[in-house]
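Asker: Once you've had a glance at the structure underneath, I'll fire off some questions.
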Amino acid sequence: MKKIKFENALSRLEKIVNCFEGEELSLEESLKLFEEGIKLSKHCQDKLDEASKKIEILTKFHEDGQIEKEPFKSSND
Amino acid sequence: MKLEHIYTISEITKEIKKIIENNFTNIWIRGEVSNLHLHNSGHIYFSLKDQESHIRVVIFKGKASQLKFKLQNGLNIVVYGYISVYEPRGEYQVIVDYAETTGMGILYEVFEKLKKNLEKKGLFDTKHKKLLPMLPQKIGIITSPTGAAIKDILSVINRRFANIEVLIVPVKVQGEGSIAEIIHAIKILNRIKEIEVIIIARGGGSIEDLWSFNEEKIAYAIYQSHIPIISAIGHETDFTIADFVADIRAATPSIAAEILTKNKEDLRQKINSLRTFIISKTKSTISKQLFNYQKYQNSTFFKRPYYKVDKDSQYIDNCLNVICSRFSQRIEVRKNRLIRCQEYNTFKSPQKYFLEFYRESLKQKNKLIKNAFYSKLQKLKFQTQLFIEKIDSYSPLKTLSRGYSIAYLHPENIIIKDASQASINKNIKVKLSKGEILAKIYNTKK
């Protein structure tokens with residue numbers, strides 16, 4: 001679950017919802033889909049909340065691809 | 001606007017100024033110069049006109065010194081700039097950034113030519129447009145760290161509490177070296193793995209200020225980027241070549257930030273609603289199944305699982321009862337019969353019974369026989385008496401006594417009743433009333 005891309009998780013979640021909207025599901029099926037759906041939605045929520053807010057500015061770029069950066073302070077702050 | 005509000009002159013002028021100045025920035029106007037007035041201050045005032053209208057124009061000192069030609073009344077020129085309202089007089093006028101005499105204007109021509117050229121080469125084709133990631137976590141912003149653009153973007157991010165990682169690549173956004181810096185920044189960000197979107201941003205400015213973004217090299221750098229690029233250059237009315245090549249054009253830097261963060265908010269809501277849907281659907285499925293379950297549970301079968309068995313066993317019991325009662329009835333009948341039979345002595349002691357029976361019958365029969373015998377005897381005695389009396393009357397002896405005799409063949413002792421019975425010389429016996437005579441037949445007469 002950890003490695004599922006957000007896009008894929010979301011599209012699977014939408015599919016599950018479609019399943020629920022479609023024909024009548026048996027209890028087993030619906031519980032199975034429910035479990036998966038809740039996991040996926042949790043995963044998506046986690047992904048949404050995952051990144052912390054961070055504003056940085058690039059201070060140096062090395063030709064080997066290494067970068068140096070530091071927190072950015074807007075002139076207003 | 002409130003319906004019954006009465007404006008003061010300055011209020012209404014301010015409102016008009018706001019509307020005009022927001023809508024007519026960075027415009028090109030062509031017309032004929034008239035009423036030219038070169039003021040001592042260095043500013044130039046004149047009107048531009050065509051057959052029907054005229055408009056007031058100002059070129060301030062700084063821009064006036066950059067003019068590459070000499071202004072004259074009657075000259076056809078093209079100016080680039082914006083409309084402003086001069087409040088003290090309530091007049092609107094064109095503030096010129098750039099002016100030229102030839103045709104449509106050199107910059108405009110260059111711009112159009114490059115645009116057509118790049119369009120032909122397919123740089124603007126929608127098929128090359130990359131989709132923005134649904135959930136960009138890390139974005140790169142190519143802009144001036146001190147400009148208005150970055151402030152606008154960050155204020156949107158702050159306002160929306162967006163948890164997003166921003167890496168600013170500081171560049172010059174106009175003038176000498178800006179093109180190379182912007183191209184380099186695009187390349188740098190393309191080498192940083194986590195960057196998912198790039199925003200190229202610049203605040204509003206004159207056409208010359210924005211000109212770097214109309215360079216062919218920048219167009220190609222944007223085109224070659226593997227990471228989706230959002231262009232956010234100038235105001236809403238400003239279009240640059242970069243805007244046409246970029247995967248998405250945001251009208252302003254703020255809007256670029258809105259696009260990225262709004263998406264996130266939308267997703268949050270969407271996932272919530274999907275989740276809610278799944279939960280409520282599952283709940284309803286469960287309650288439906290629960291209802292079914294209870295229905296079945298309440299059904300006779302589950303409530304009284306032995307109902308059928310009970311019913312059947314009751315039936316069997318009934319059958320058994322019937323059988324038993326019939327049977328016992330029969331037994332009863334037979335028993336009664338038996339009892340009745342037993343009541344007969346026969347069964348108590350059959351030998352004695354029969355003995356008794358026969359003894360009795362013997363007695364009876366004995367009696368009968370005795371009676372019959374006596375009566376018969378009596379009868380016989382009586383008959384005998386009669387008979388004797390009769391016999392007595394018929395006795396030959398009596399006849400004999402009356403002189404008759406009886407002749408017998410001798411020794412056969414057969415009474416001779418016919419002469420033919422006797423043959424000559426045959427011995428005969430003659431019985432007389434007293435004694436007998438033996439004689440011989442001498443003759444017969446027939």
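Quick note on naming: the chains in the structure tokens go A, B, ... in the order shown, residues restart at 1 in each chain, and ligands are numbered from 1 in order of appearance.
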Residues of chain B near chain A: apply a cut-off of 10 Å, count only C-alpha atoms, and supply the list as a VMD selection string.
Answerer: chain B and resid 133 to 141 145 to 147 150 to 151 154 to 155 157 to 158 161 to 170 185 188 to 189 191 to 193 264 to 265 267 to 283 285 to 290
Asker: Fewer than 3 positions away in the same chain doesn't count, so skip those; otherwise give me all residues within 10 Å of B:Gln66, counting only C-alpha atoms, as a list in words.
Answerer: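 Listing them by chain and then by number gives Lys61, Gly62, Lys63, Phe69, Asp97, Tyr98 and Ala99 of chain B.
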Asker: Within stretch 92-294 of chain B, find each residue whose DSSP state, derived from the backbone, is strand (DSSP E), and express the selection as an mmCIF file with C-alpha atoms, in the first residue's frame.
Answerer:
```cif
data_model
loop_
_atom_site.group_PDB
_atom_site.id
_atom_site.type_symbol
_atom_site.label_atom_id
_atom_site.label_comp_id
_atom_site.auth_asym_id
_atom_site.auth_seq_id
_atom_site.Cartn_x
_atom_site.Cartn_y
_atom_site.Cartn_z
ATOM 1 C CA TYR B 92 -8.102 58.886 -19.089
ATOM 2 C CA GLN B 93 -4.854 58.772 -21.011
ATOM 3 C CA VAL B 94 -2.374 56.344 -22.485
ATOM 4 C CA ILE B 95 0.868 56.015 -20.560
ATOM 5 C CA VAL B 96 3.434 54.909 -23.137
ATOM 6 C CA ASP B 97 6.214 52.431 -22.424
ATOM 7 C CA TYR B 98 7.388 52.049 -25.958
ATOM 8 C CA ALA B 99 6.624 53.659 -29.259
ATOM 9 C CA GLU B 100 7.689 53.156 -32.813
ATOM 10 C CA LYS B 138 7.569 19.360 -4.477
ATOM 11 C CA ILE B 139 7.569 22.208 -6.887
ATOM 12 C CA GLY B 140 10.283 24.355 -8.296
ATOM 13 C CA ILE B 141 9.747 28.055 -8.857
ATOM 14 C CA ILE B 142 11.921 29.952 -11.281
ATOM 15 C CA THR B 143 11.585 33.601 -10.413
ATOM 16 C CA GLU B 165 7.652 21.810 -0.630
ATOM 17 C CA VAL B 166 8.872 24.719 -2.657
ATOM 18 C CA LEU B 167 12.329 25.115 -4.054
ATOM 19 C CA ILE B 168 12.954 28.572 -5.415
ATOM 20 C CA VAL B 169 15.583 28.914 -8.088
ATOM 21 C CA PRO B 170 16.471 32.582 -8.080
ATOM 22 C CA VAL B 197 6.137 20.825 -11.383
ATOM 23 C CA ILE B 198 7.972 23.976 -12.337
ATOM 24 C CA ILE B 199 6.452 27.425 -12.178
ATOM 25 C CA ILE B 200 8.156 30.136 -14.190
ATOM 26 C CA ALA B 201 6.890 33.358 -12.697
ATOM 27 C CA ARG B 202 7.299 37.054 -13.143
ATOM 28 C CA ILE B 229 5.886 23.795 -16.568
ATOM 29 C CA ILE B 230 3.328 26.370 -15.577
ATOM 30 C CA SER B 231 3.992 29.826 -16.985
ATOM 31 C CA ALA B 232 2.855 32.711 -14.818
ATOM 32 C CA ILE B 233 4.138 35.829 -16.420
ATOM 33 C CA ILE B 248 -0.241 25.326 -18.628
ATOM 34 C CA ARG B 249 -0.527 29.091 -18.721
#
```
Asker: Go ahead and compute the interatomic distance for atom CA of B:Ser144 and atom CA of B:Leu118, in Å to one decimal.
Answerer: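 According to the coordinates, atom CA of B:Ser144 and atom CA of B:Leu118 are separated by 26.5 Å.
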Asker: Looking only at helix (DSSP H, G or I) from DSSP on the backbone, list the matching residues of chain A as a PyMOL selection string.
Answerer: chain A and resi 6-21+27-50
Asker: What lies within 6 Å of B:Ile59 using only C-alpha atoms, ignoring chain neighbours under 4 positions off, as a PyMOL selection string?
Answerer: chain B and resi 43-44+64+96
Asker: Skip B:Lys187 itself and residues of its chain fewer than 4 positions away, then list as JSON, numbers by chain all residues within 10 Å of it, counting only C-alpha atoms.
Answerer: {"B": [181, 182, 183, 191, 192, 221, 222, 224, 225, 226, 227]}
Asker: Taking 2 positions as the minimum chain separation for residues in the same chain, which residues sit within 8 Å of B:Gly175 when counting only C-alpha atoms? Answer as an MDAnalysis selection string.
Answerer: chainID B and resid 172:173 177:178 209 212
Asker: Just the selected residues (C-alpha atoms), exported as a PDB file, in the first residue's frame, please.
Answerer:
```
ATOM      1  CA  LYS B 172      17.006  37.538 -13.097  1.00  0.00           C
ATOM      2  CA  VAL B 173      13.665  37.886 -14.859  1.00  0.00           C
ATOM      3  CA  GLY B 177      21.732  37.494 -18.535  1.00  0.00           C
ATOM      4  CA  SER B 178      18.137  36.734 -17.587  1.00  0.00           C
ATOM      5  CA  ASP B 209      10.372  43.964 -19.144  1.00  0.00           C
ATOM      6  CA  SER B 212      12.982  37.660 -22.081  1.00  0.00           C
TER       7      SER B 212
END
```
Asker: May I ask for the distance between atom CA of B:Val156 and atom CA of B:Thr261, given in Å to one decimal place?
Answerer: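 That distance, rounded to one decimal, is 8.2 Å.
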Asker: Distance atom CA of B:Asp238-atom CA of B:Phe124, one decimal place?
Answerer: 17.0 Å
